[in-house]
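Colleague: start_36.csv is reproduced in full below (CSV, C-alpha atoms).
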chain,number,residue,atom,x,y,z
X,8,MET,CA,18.9,46.0,-15.2
X,9,PRO,CA,15.6,44.0,-15.0
X,10,LYS,CA,14.7,43.0,-11.5
X,11,LEU,CA,13.1,39.8,-10.0
X,12,PHE,CA,10.2,39.9,-7.6
X,13,ILE,CA,9.1,36.8,-5.8
X,14,GLN,CA,5.6,36.6,-4.5
X,15,ALA,CA,5.6,33.9,-1.8
X,16,SER,CA,3.4,35.5,0.8
X,17,ASN,CA,1.8,32.2,1.9
X,18,ILE,CA,5.0,30.1,2.1
X,19,HIS,CA,6.2,29.3,5.5
X,20,THR,CA,6.7,25.5,5.9
X,21,GLY,CA,7.0,22.2,4.1
X,22,GLY,CA,8.3,21.6,0.6
X,23,GLY,CA,7.4,25.1,-0.6
X,24,LEU,CA,9.8,26.6,2.0
X,25,THR,CA,12.5,24.0,1.1
X,26,LEU,CA,12.3,24.9,-2.5
X,27,LEU,CA,12.2,28.7,-1.8
X,28,ASN,CA,15.3,28.5,0.3
X,29,GLN,CA,17.2,26.6,-2.4
X,30,LEU,CA,16.1,29.2,-4.9
X,31,ILE,CA,17.2,32.1,-2.7
X,32,GLN,CA,20.7,30.6,-2.4
X,33,ASP,CA,21.3,30.8,-6.1
X,34,ILE,CA,20.1,34.4,-6.7
X,35,ASN,CA,23.2,36.5,-7.5
X,36,PHE,CA,21.3,39.6,-8.6
X,37,LYS,CA,19.0,42.2,-7.0
X,38,ALA,CA,15.6,40.8,-6.0
X,39,GLU,CA,12.6,41.5,-3.8
X,40,LEU,CA,11.1,38.7,-1.8
X,41,PHE,CA,7.6,38.9,-0.2
X,42,VAL,CA,7.2,35.9,2.2
X,43,ASP,CA,5.0,34.8,5.1
X,44,GLU,CA,6.2,36.3,8.4
X,45,ARG,CA,5.9,32.8,9.9
X,46,SER,CA,9.0,31.8,7.9
X,47,LYS,CA,11.1,34.6,9.6
X,48,ASN,CA,13.3,32.1,11.6
X,49,HIS,CA,13.6,29.7,8.7
X,50,ILE,CA,14.2,31.7,5.6
X,51,HIS,CA,17.7,31.9,4.2
X,52,VAL,CA,19.4,35.2,4.0
X,53,ASN,CA,21.0,36.5,0.8
X,54,LYS,CA,22.6,40.0,0.6
X,55,ASN,CA,21.2,40.4,-2.9
X,56,ILE,CA,17.6,39.9,-1.7
X,57,ASN,CA,15.4,42.5,0.1
X,58,ILE,CA,13.0,40.5,2.2
X,59,HIS,CA,9.5,41.7,3.1
X,60,PHE,CA,7.7,39.7,5.7
X,61,ILE,CA,3.9,39.6,5.1
X,62,LYS,CA,1.3,39.0,7.9
X,63,LYS,CA,-0.9,36.0,7.7
X,64,ASN,CA,-4.2,37.5,6.4
X,65,ILE,CA,-5.7,37.9,3.0
X,66,PHE,CA,-5.6,41.7,3.1
X,67,SER,CA,-1.9,41.8,3.7
X,68,ARG,CA,-1.3,39.3,0.9
X,69,TRP,CA,-3.4,41.3,-1.6
X,70,PHE,CA,-1.7,44.5,-0.6
X,71,VAL,CA,1.6,42.9,-1.7
X,72,GLU,CA,0.3,43.0,-5.3
X,73,VAL,CA,-0.7,46.6,-5.1
X,74,LYS,CA,2.8,47.4,-3.7
X,75,MET,CA,4.5,45.4,-6.6
X,76,LEU,CA,2.4,47.4,-9.0
X,77,CYS,CA,4.2,50.5,-7.8
X,78,LEU,CA,7.6,48.9,-7.7
X,79,VAL,CA,7.9,47.0,-11.0
X,80,SER,CA,9.1,48.3,-14.3
X,81,LYS,CA,8.7,47.0,-17.8
X,82,GLY,CA,11.0,44.1,-18.3
X,83,ASP,CA,11.0,43.0,-14.6
X,84,THR,CA,9.8,39.5,-13.8
X,85,ILE,CA,7.4,38.5,-11.0
X,86,LEU,CA,7.6,34.9,-9.9
X,87,PHE,CA,4.4,33.9,-8.2
X,88,PHE,CA,5.6,31.2,-6.0
X,89,ASN,CA,2.4,31.1,-3.9
X,90,ASN,CA,0.4,28.9,-6.3
X,91,LEU,CA,-2.0,31.7,-7.3
X,92,PRO,CA,-1.9,34.2,-10.1
X,93,PRO,CA,-2.2,38.0,-9.5
X,94,PHE,CA,-5.5,39.8,-9.6
X,95,ILE,CA,-3.8,42.8,-11.1
X,96,LYS,CA,-1.9,42.6,-14.4
X,97,THR,CA,1.3,44.7,-14.2
X,98,ARG,CA,3.8,45.7,-16.9
X,99,ALA,CA,6.2,43.0,-15.7
X,100,ILE,CA,6.5,39.4,-17.0
X,101,HIS,CA,4.3,37.2,-14.8
X,102,ILE,CA,5.4,33.6,-14.1
X,103,LEU,CA,3.3,31.2,-12.0
X,104,TYR,CA,5.2,28.3,-10.3
X,105,LEU,CA,2.3,26.0,-9.5
X,106,GLN,CA,3.1,23.5,-6.7
X,107,ASN,CA,-0.3,22.5,-5.3
X,108,ILE,CA,-1.9,19.8,-7.4
X,109,LEU,CA,-5.1,20.0,-5.3
X,110,LEU,CA,-5.9,23.3,-7.1
X,111,ILE,CA,-6.1,21.6,-10.6
X,112,HIS,CA,-6.9,18.0,-9.8
X,113,PRO,CA,-10.5,16.9,-9.4
X,114,TYR,CA,-9.7,15.3,-6.0
X,115,ASN,CA,-12.6,14.7,-3.7
X,116,LEU,CA,-12.2,17.0,-0.7
X,117,LYS,CA,-14.7,15.3,1.6
X,118,LYS,CA,-12.0,14.1,4.0
X,119,PHE,CA,-10.7,17.7,4.6
X,120,SER,CA,-12.0,19.9,7.3
X,121,LEU,CA,-14.8,22.3,6.3
X,122,LEU,CA,-12.4,25.3,6.5
X,123,ALA,CA,-9.8,23.5,4.3
X,124,ARG,CA,-12.5,22.5,1.8
X,125,TRP,CA,-13.8,26.1,1.4
X,126,ARG,CA,-10.2,27.4,1.1
X,127,ILE,CA,-9.2,25.0,-1.6
X,128,ARG,CA,-12.5,25.5,-3.5
X,129,PHE,CA,-12.0,29.3,-3.4
X,130,GLU,CA,-8.4,29.0,-4.6
X,131,ARG,CA,-9.5,26.7,-7.4
X,132,LEU,CA,-12.0,29.3,-8.5
X,133,TYR,CA,-9.5,32.2,-8.1
X,134,LEU,CA,-7.0,30.3,-10.2
X,135,LYS,CA,-9.5,29.7,-12.9
X,136,ILE,CA,-10.6,33.3,-13.1
X,137,PHE,CA,-7.2,35.0,-12.9
X,138,ILE,CA,-4.9,32.5,-14.7
X,139,SER,CA,-5.0,34.8,-17.8
X,140,ASN,CA,-3.0,37.4,-15.8
X,141,VAL,CA,0.2,35.2,-16.0
X,142,ASP,CA,2.4,34.8,-19.1
X,143,SER,CA,3.4,31.2,-18.4
X,144,ILE,CA,3.0,28.4,-15.9
X,145,TYR,CA,5.8,26.2,-14.6
X,146,VAL,CA,5.1,22.9,-12.9
X,147,GLN,CA,7.0,20.1,-11.2
X,148,SER,CA,5.7,16.8,-12.6
X,149,SER,CA,4.4,15.1,-15.8
X,150,GLU,CA,0.9,14.8,-14.3
X,151,MET,CA,0.8,18.5,-13.3
X,152,LEU,CA,1.8,19.5,-16.8
X,153,SER,CA,-0.9,17.3,-18.4
X,154,LEU,CA,-3.6,18.8,-16.1
X,155,CYS,CA,-2.5,22.4,-16.8
X,156,LYS,CA,-2.6,21.8,-20.5
X,157,GLN,CA,-6.1,20.3,-20.2
X,158,LYS,CA,-7.4,23.2,-18.1
X,159,PHE,CA,-5.6,26.3,-19.2
X,160,SER,CA,-4.7,28.0,-22.5
X,161,THR,CA,-1.7,29.7,-20.9
X,162,PRO,CA,1.6,28.2,-22.0
X,163,SER,CA,2.7,25.5,-19.4
X,164,PHE,CA,6.2,24.1,-19.0
X,165,LEU,CA,7.7,21.3,-17.0
X,166,MET,CA,10.5,22.6,-14.7
X,167,PRO,CA,11.1,20.7,-11.5
X,168,PHE,CA,14.1,21.8,-9.4
X,169,PHE,CA,15.7,20.5,-6.2
X,170,LEU,CA,19.3,20.4,-5.1
X,171,SER,CA,19.7,17.0,-3.5
X,172,ASN,CA,22.4,16.8,-0.9
X,173,GLN,CA,24.9,14.1,-1.9
X,174,ILE,CA,25.1,12.0,1.3
X,175,GLU,CA,28.2,9.9,1.9
X,176,LEU,CA,26.4,6.6,2.7
X,177,SER,CA,29.3,5.6,5.0
X,178,LYS,CA,28.3,8.5,7.3
X,179,VAL,CA,24.7,7.6,7.4
X,180,ASN,CA,23.6,6.2,10.7
X,181,SER,CA,24.0,2.5,10.6
X,182,LYS,CA,21.7,1.9,13.5
X,183,LYS,CA,18.2,1.7,12.1
X,184,LEU,CA,15.6,2.7,14.7
X,185,PHE,CA,12.7,2.3,12.3
X,186,ASP,CA,11.8,0.0,9.4
X,187,PHE,CA,9.9,2.9,7.8
X,188,VAL,CA,9.6,6.6,7.9
X,189,TYR,CA,6.8,8.6,6.3
X,190,VAL,CA,7.7,12.2,5.8
X,191,SER,CA,4.6,14.2,5.2
X,192,SER,CA,1.9,16.5,6.6
X,193,SER,CA,-1.2,15.1,8.1
X,194,ASP,CA,-3.5,16.2,5.3
X,195,PRO,CA,-6.1,13.6,4.3
X,196,HIS,CA,-4.7,12.8,0.9
X,197,LYS,CA,-1.5,11.8,2.6
X,198,ASN,CA,-3.4,8.7,3.6
X,199,HIS,CA,-2.2,7.9,7.2
X,200,THR,CA,-5.4,6.2,8.0
X,201,ARG,CA,-4.9,3.4,5.5
X,202,ILE,CA,-1.3,2.9,6.7
X,203,LEU,CA,-2.7,2.5,10.2
X,204,ASP,CA,-5.3,0.0,8.8
X,205,ALA,CA,-2.4,-1.9,7.1
X,206,PHE,CA,-0.4,-2.1,10.3
X,207,VAL,CA,-3.5,-3.5,12.1
X,208,LEU,CA,-3.9,-6.1,9.4
X,209,LEU,CA,-0.2,-7.1,9.8
X,210,ALA,CA,-0.5,-7.2,13.6
X,211,LYS,CA,-3.4,-9.6,13.4
X,212,GLU,CA,-1.1,-11.9,11.4
X,213,GLY,CA,1.7,-11.5,13.9
X,214,PHE,CA,3.9,-9.0,12.0
X,215,PHE,CA,5.0,-5.8,13.8
X,216,PRO,CA,7.0,-3.5,11.6
X,217,SER,CA,8.0,-0.1,13.0
X,218,ILE,CA,7.4,3.3,11.4
X,219,CYS,CA,7.8,7.0,12.3
X,220,PHE,CA,5.3,9.7,11.1
X,221,THR,CA,6.4,13.3,10.9
X,222,ILE,CA,3.3,14.7,12.6
X,223,ASP,CA,2.8,16.7,15.7
X,224,SER,CA,0.5,15.9,18.6
X,225,ALA,CA,-0.1,19.6,19.2
X,226,THR,CA,-1.5,20.3,15.7
X,227,ASP,CA,-2.5,16.8,14.6
X,228,LYS,CA,-4.3,15.7,17.8
X,229,LYS,CA,-7.1,13.7,16.1
X,230,LEU,CA,-4.6,11.6,14.2
X,231,THR,CA,-2.1,11.1,17.0
X,232,ASP,CA,-5.0,10.2,19.4
X,233,GLU,CA,-6.1,7.5,16.9
X,234,ILE,CA,-2.5,6.2,16.7
X,235,ASP,CA,-2.2,6.0,20.5
X,236,ILE,CA,-5.4,4.0,20.7
X,237,LEU,CA,-4.3,1.5,18.1
X,238,LYS,CA,-0.8,1.2,19.6
X,239,THR,CA,-2.4,0.2,22.9
X,240,LYS,CA,-4.9,-2.1,21.3
X,241,TYR,CA,-2.7,-3.9,18.8
X,242,SER,CA,0.8,-3.3,20.2
X,243,LEU,CA,1.7,-1.4,17.1
X,244,ARG,CA,5.3,0.0,16.8
X,245,ILE,CA,4.4,3.5,15.6
X,246,GLU,CA,6.0,6.7,16.6
X,247,TYR,CA,5.4,10.3,15.6
X,248,LYS,CA,7.7,13.4,15.8
X,249,LYS,CA,7.7,16.8,14.2
X,250,PHE,CA,10.8,18.1,12.6
X,251,ASN,CA,12.3,21.0,14.6
X,252,ASN,CA,15.2,21.6,12.3
X,253,LEU,CA,17.2,20.2,9.3
X,254,ASP,CA,19.3,18.1,11.6
X,255,SER,CA,16.3,16.2,13.1
X,256,LYS,CA,15.1,15.5,9.6
X,257,GLU,CA,18.4,14.2,8.4
X,258,ASN,CA,18.6,12.0,11.6
X,259,LEU,CA,15.2,10.5,10.9
X,260,TYR,CA,16.1,9.6,7.3
X,261,SER,CA,19.4,8.1,8.3
X,262,SER,CA,17.9,6.0,11.1
X,263,SER,CA,15.2,4.4,8.9
X,264,LYS,CA,15.5,1.5,6.5
X,265,ALA,CA,12.9,2.7,4.0
X,266,LEU,CA,10.5,5.4,3.0
X,267,LEU,CA,6.8,4.3,3.1
X,268,PHE,CA,5.1,7.0,1.0
X,269,ALA,CA,1.3,6.3,0.7
X,270,SER,CA,0.1,9.6,-0.6
X,271,GLU,CA,-2.8,9.6,-3.1
X,272,LEU,CA,-1.8,12.8,-4.8
X,273,GLU,CA,1.5,14.8,-5.2
X,274,SER,CA,2.7,17.7,-7.3
X,275,MET,CA,6.3,16.5,-6.9
X,276,GLY,CA,6.9,14.4,-3.8
X,277,LEU,CA,10.1,15.8,-2.3
X,278,PRO,CA,10.6,13.0,0.3
X,279,LEU,CA,11.1,10.6,-2.6
X,280,ILE,CA,14.1,12.6,-3.8
X,281,GLU,CA,15.4,13.1,-0.2
X,282,ALA,CA,15.0,9.4,0.7
X,283,ASN,CA,16.9,8.5,-2.5
X,284,SER,CA,19.8,10.7,-1.5
X,285,TYR,CA,20.1,8.8,1.8
X,286,GLY,CA,20.1,5.5,0.1
X,287,LEU,CA,16.7,4.5,1.5
X,288,ASP,CA,14.6,1.9,-0.2
X,289,ILE,CA,11.3,3.4,-1.4
X,290,LEU,CA,7.8,1.8,-1.1
X,291,VAL,CA,5.3,4.2,-2.8
X,292,SER,CA,1.8,4.5,-4.1
X,293,GLU,CA,1.5,3.4,-7.7
X,294,LYS,CA,0.6,6.8,-9.0
X,295,GLY,CA,1.7,9.2,-11.7
X,296,PHE,CA,4.3,10.9,-9.4
X,297,SER,CA,5.8,7.7,-8.1
X,298,ARG,CA,8.4,7.2,-10.8
X,299,ASP,CA,9.1,10.8,-11.9
X,300,PHE,CA,12.1,11.1,-9.5
X,301,SER,CA,12.5,7.6,-7.9
X,302,SER,CA,12.8,3.9,-8.7
X,303,PRO,CA,10.7,2.3,-6.0
X,304,ILE,CA,11.5,-1.2,-4.7
X,305,GLU,CA,7.8,-1.8,-4.1
X,306,THR,CA,4.5,-0.1,-5.1
X,307,PHE,CA,1.0,-0.5,-3.9
X,308,ASP,CA,-2.6,0.7,-4.4
X,309,PRO,CA,-2.9,3.6,-1.9
X,310,SER,CA,-6.7,3.1,-1.7
X,311,SER,CA,-6.2,-0.5,-0.4
X,312,SER,CA,-4.9,-1.2,3.2
X,313,LEU,CA,-4.4,-4.8,2.1
X,314,SER,CA,-2.2,-3.8,-0.8
X,315,ILE,CA,-0.1,-1.6,1.5
X,316,ALA,CA,0.2,-4.5,4.0
X,317,ARG,CA,1.2,-7.0,1.3
X,318,ALA,CA,3.9,-4.6,0.0
X,319,ILE,CA,5.3,-4.4,3.5
X,320,LYS,CA,5.3,-8.2,3.8
X,321,ARG,CA,7.1,-8.6,0.5
X,322,TYR,CA,9.7,-6.0,1.4
X,323,LEU,CA,10.4,-6.8,5.1
X,324,PHE,CA,9.6,-10.5,5.4
X,325,ASN,CA,10.0,-11.8,1.8
X,326,ILE,CA,6.4,-13.1,1.9
X,327,ASP,CA,4.4,-13.3,-1.2
X,328,ASP,CA,0.9,-14.2,-0.1
X,329,ARG,CA,-0.7,-14.8,-3.5
X,330,LEU,CA,-3.8,-17.0,-3.4
X,331,GLU,CA,-3.7,-20.6,-4.6
X,332,LEU,CA,-5.7,-21.0,-7.8
X,333,LYS,CA,-8.0,-24.1,-7.7
X,334,THR,CA,-9.2,-26.2,-10.7
X,335,PRO,CA,-12.8,-26.3,-11.7
X,336,TYR,CA,-12.9,-30.0,-10.5
X,337,GLN,CA,-11.6,-28.9,-7.1
X,338,PHE,CA,-14.3,-26.3,-6.9
X,339,LEU,CA,-17.0,-28.9,-7.7
X,340,GLN,CA,-15.5,-31.2,-5.1
X,341,GLN,CA,-15.7,-28.5,-2.5
X,342,ILE,CA,-19.3,-27.4,-3.1
X,343,PHE,CA,-21.0,-30.6,-4.3
X,344,LEU,CA,-19.2,-33.9,-4.8
X,345,GLU,CA,-17.8,-34.1,-1.3
X,346,LYS,CA,-21.2,-33.6,0.3
Kindly present the structure from the file in structure tokens form.
Modeller:
Amino acid sequence: MPKLFIQASNIHTGGGLTLLNQLIQDINFKAELFVDERSKNHIHVNKNINIHFIKKNIFSRWFVEVKMLCLVSKGDTILFFNNLPPFIKTRAIHILYLQNILLIHPYNLKKFSLLARWRIRFERLYLKIFISNVDSIYVQSSEMLSLCKQKFSTPSFLMPFFLSNQIELSKVNSKKLFDFVYVSSSDPHKNHTRILDAFVLLAKEGFFPSICFTIDSATDKKLTDEIDILKTKYSLRIEYKKFNNLDSKENLYSSSKALLFASELESMGLPLIEANSYGLDILVSEKGFSRDFSSPIETFDPSSSLSIARAIKRYLFNIDDRLELKTPYQFLQQIFLEK
């Protein structure tokens, strides 16, 4: 019987781990999984799957492909869940599940650290060189599909998946601790800085909404230090906490009124799906991904702090601060006739 091999040697956190765990739960046949050793305490166990934990270094990850070359037979399938194609073409069927839009989108990387910029640039080049080693590409959103078809001749297909927990809304925490929650990493394209600017603008007008970011002071010190400074200076109501487990994530969703999702770029946007399952209102960037899986109550321009602030005012305070349009005569009165 043909066998499934899953190459996930760089998956250990975030949406990639969430999707991988859901995939594992539904495998009812023999499979081999190669996954980052940092996921050891978080990966789901399935008796049908033989799990190989891979060390966090490029040599160990490349050795995985050499090992699979020895293990696979004709008719087997290798699912490359790690965003990158293989550098060796085997006799198996090769499928790439591409989840990182940064690898195919011409997004400017100037806000990323030097190390991150070089890593992403290397992975973009690697993807371009070795994409011919896969038989098909599967992606999660309409924008991703469009980009793949523009860049690659390899057949590309739209296949988003996610098993959304159906939450009984009567069991959701009725005590709302936060007006907003923003579930995301601290990567620059997640746009935390413009949210902070928007909250400063609101504070200067006398509005003080509350929000919780899912970032960690231990790993995101530069951002959390900036938050602490602005909190002190403008009395902002901003908290940050890192998820420790699934329960803490669920508690955060259920104790928030709405999801404020200001990302500039997404391959899928899992928090939009999760927030919807908790019955949260959604305020999101007006981008290609924003309506693939959700029906937002408000959208905004993620490149404008003012646009974000106005969306918050419309949602929380029912304030529409459109400017008053004057007549040409009123303009003339102002600049000439009244002088």
Colleague: How many Å lie between CA of Val188 in chain X and CA of Lys264 in chain X, rounded to one decimal?
Modeller: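 Computing it gives 7.9 Å between the two atoms.
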Colleague: Using all atoms listed in the file, what table do you get, as a Markdown table, when you list each residue of range 186-227 of chain X with an atom no more than 9 Å from range 109-130 of chain X, its nearest pair of atoms, and their distance in Å rounded to one decimal, rows by chain then rising number?
Modeller:
| residue | atom | partner | partner_atom | distance |
| --- | --- | --- | --- | --- |
| X:Asp194 | CA | X:Phe119 | CA | 7.4 |
| X:Pro195 | CA | X:Lys118 | CA | 5.9 |
| X:His196 | CA | X:Lys118 | CA | 8.0 |
Colleague: To one decimal place in Å, what is the distance between CA of Asp288 in chain X and CA of Ile319 in chain X?
Modeller: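 Between CA of Asp288 in chain X and CA of Ile319 in chain X the gap is 11.8 Å.
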Colleague: Given the choices X:Ser310, X:Asn48, X:Ser217, X:Ser171, which gets closest to Leu279 in chain X if the distance is worked out from all atoms listed in the file?
Modeller: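 Selected residue with least distance to Leu279 in chain X: X:Ser171.
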Colleague: Nearest to Phe60 in chain X among X:Ile245, X:Val42, X:Ile222, X:Leu277, with distances taken over only C-alpha atoms: which residue is it?
Modeller: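 So, comparing all the options, the nearest one is X:Val42.
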Colleague: Rounded to one decimal, what separation in Å do you get between CA of Ser242 in chain X and CA of Thr200 in chain X?
Modeller: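 Going from CA of Ser242 in chain X over to CA of Thr200 in chain X covers 16.7 Å.
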Colleague: X:Val146, X:Ala269, X:Leu76, X:Cys219: which is nearest Glu246 in chain X, counting all atoms listed in the file?
Modeller: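 Among X:Val146, X:Ala269, X:Leu76, X:Cys219, it is X:Cys219 that comes nearest to Glu246 in chain X.
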Colleague: Residues within 12 Å of Leu27 in chain X, please, as a PyMOL selection string. Count all atoms listed in the file; anything in the same chain fewer than 5 positions from it doesn't count.
Modeller: chain X and resi 13-22+32-34+40-43+46+49-52+86-89+104+106+168-170
Colleague: Which residues, written as number ranges by chain, have at least one atom at most 10 Å from Ile234 in chain X, with only C-alpha atoms counted and residues fewer than 6 positions away on the same chain left out?
Modeller: X: 199-200, 203, 228, 240, 243-247
Colleague: Identify the residues around (13.4, 43.9, -11.6) within a radius of 12 Å, measuring from only C-alpha atoms in the coordinates stated by the file, and give them as a list of chain:residue names.
Modeller: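 All residues meeting the 12 Å criterion around (13.4, 43.9, -11.6) are X:Met8, X:Pro9, X:Lys10, X:Leu11, X:Phe12, X:Ile13, X:Phe36, X:Lys37, X:Ala38, X:Glu39, X:Leu40, X:Ile56, X:Asn57, X:Met75, X:Leu76, X:Cys77, X:Leu78, X:Val79, X:Ser80, X:Lys81, X:Gly82, X:Asp83, X:Thr84, X:Ile85, X:Leu86, X:Arg98, X:Ala99, X:Ile100, X:His101.
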Colleague: Might you pull out every residue within 7 Å of Lys248 in chain X, with only C-alpha atoms counted and same-chain residues fewer than 6 positions away left off, and present them as a VMD selection string?
Modeller: chain X and resid 220 to 223
Colleague: For a quick check of understanding, using all atoms listed in the file, which of X:Leu152, X:Ala225, X:Val190, X:Leu237 has the smallest distance to Leu105 in chain X?
Modeller: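 Nearest to Leu105 in chain X: X:Leu152.
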Colleague: Which residue is closest to Arg298 in chain X? Choose from X:Ser163, X:Ser149, X:Gln29, X:Ser139 and count only C-alpha atoms.
Modeller: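 Using only C-alpha atoms, Arg298 in chain X sits closest to X:Ser149.
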Colleague: Which is closer to Ser263 in chain X than all the others in X:Leu184, X:Ile144, X:Ile315, X:Leu332, using only C-alpha atoms?
Modeller: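 For Ser263 in chain X, the nearest of the candidates is X:Leu184.
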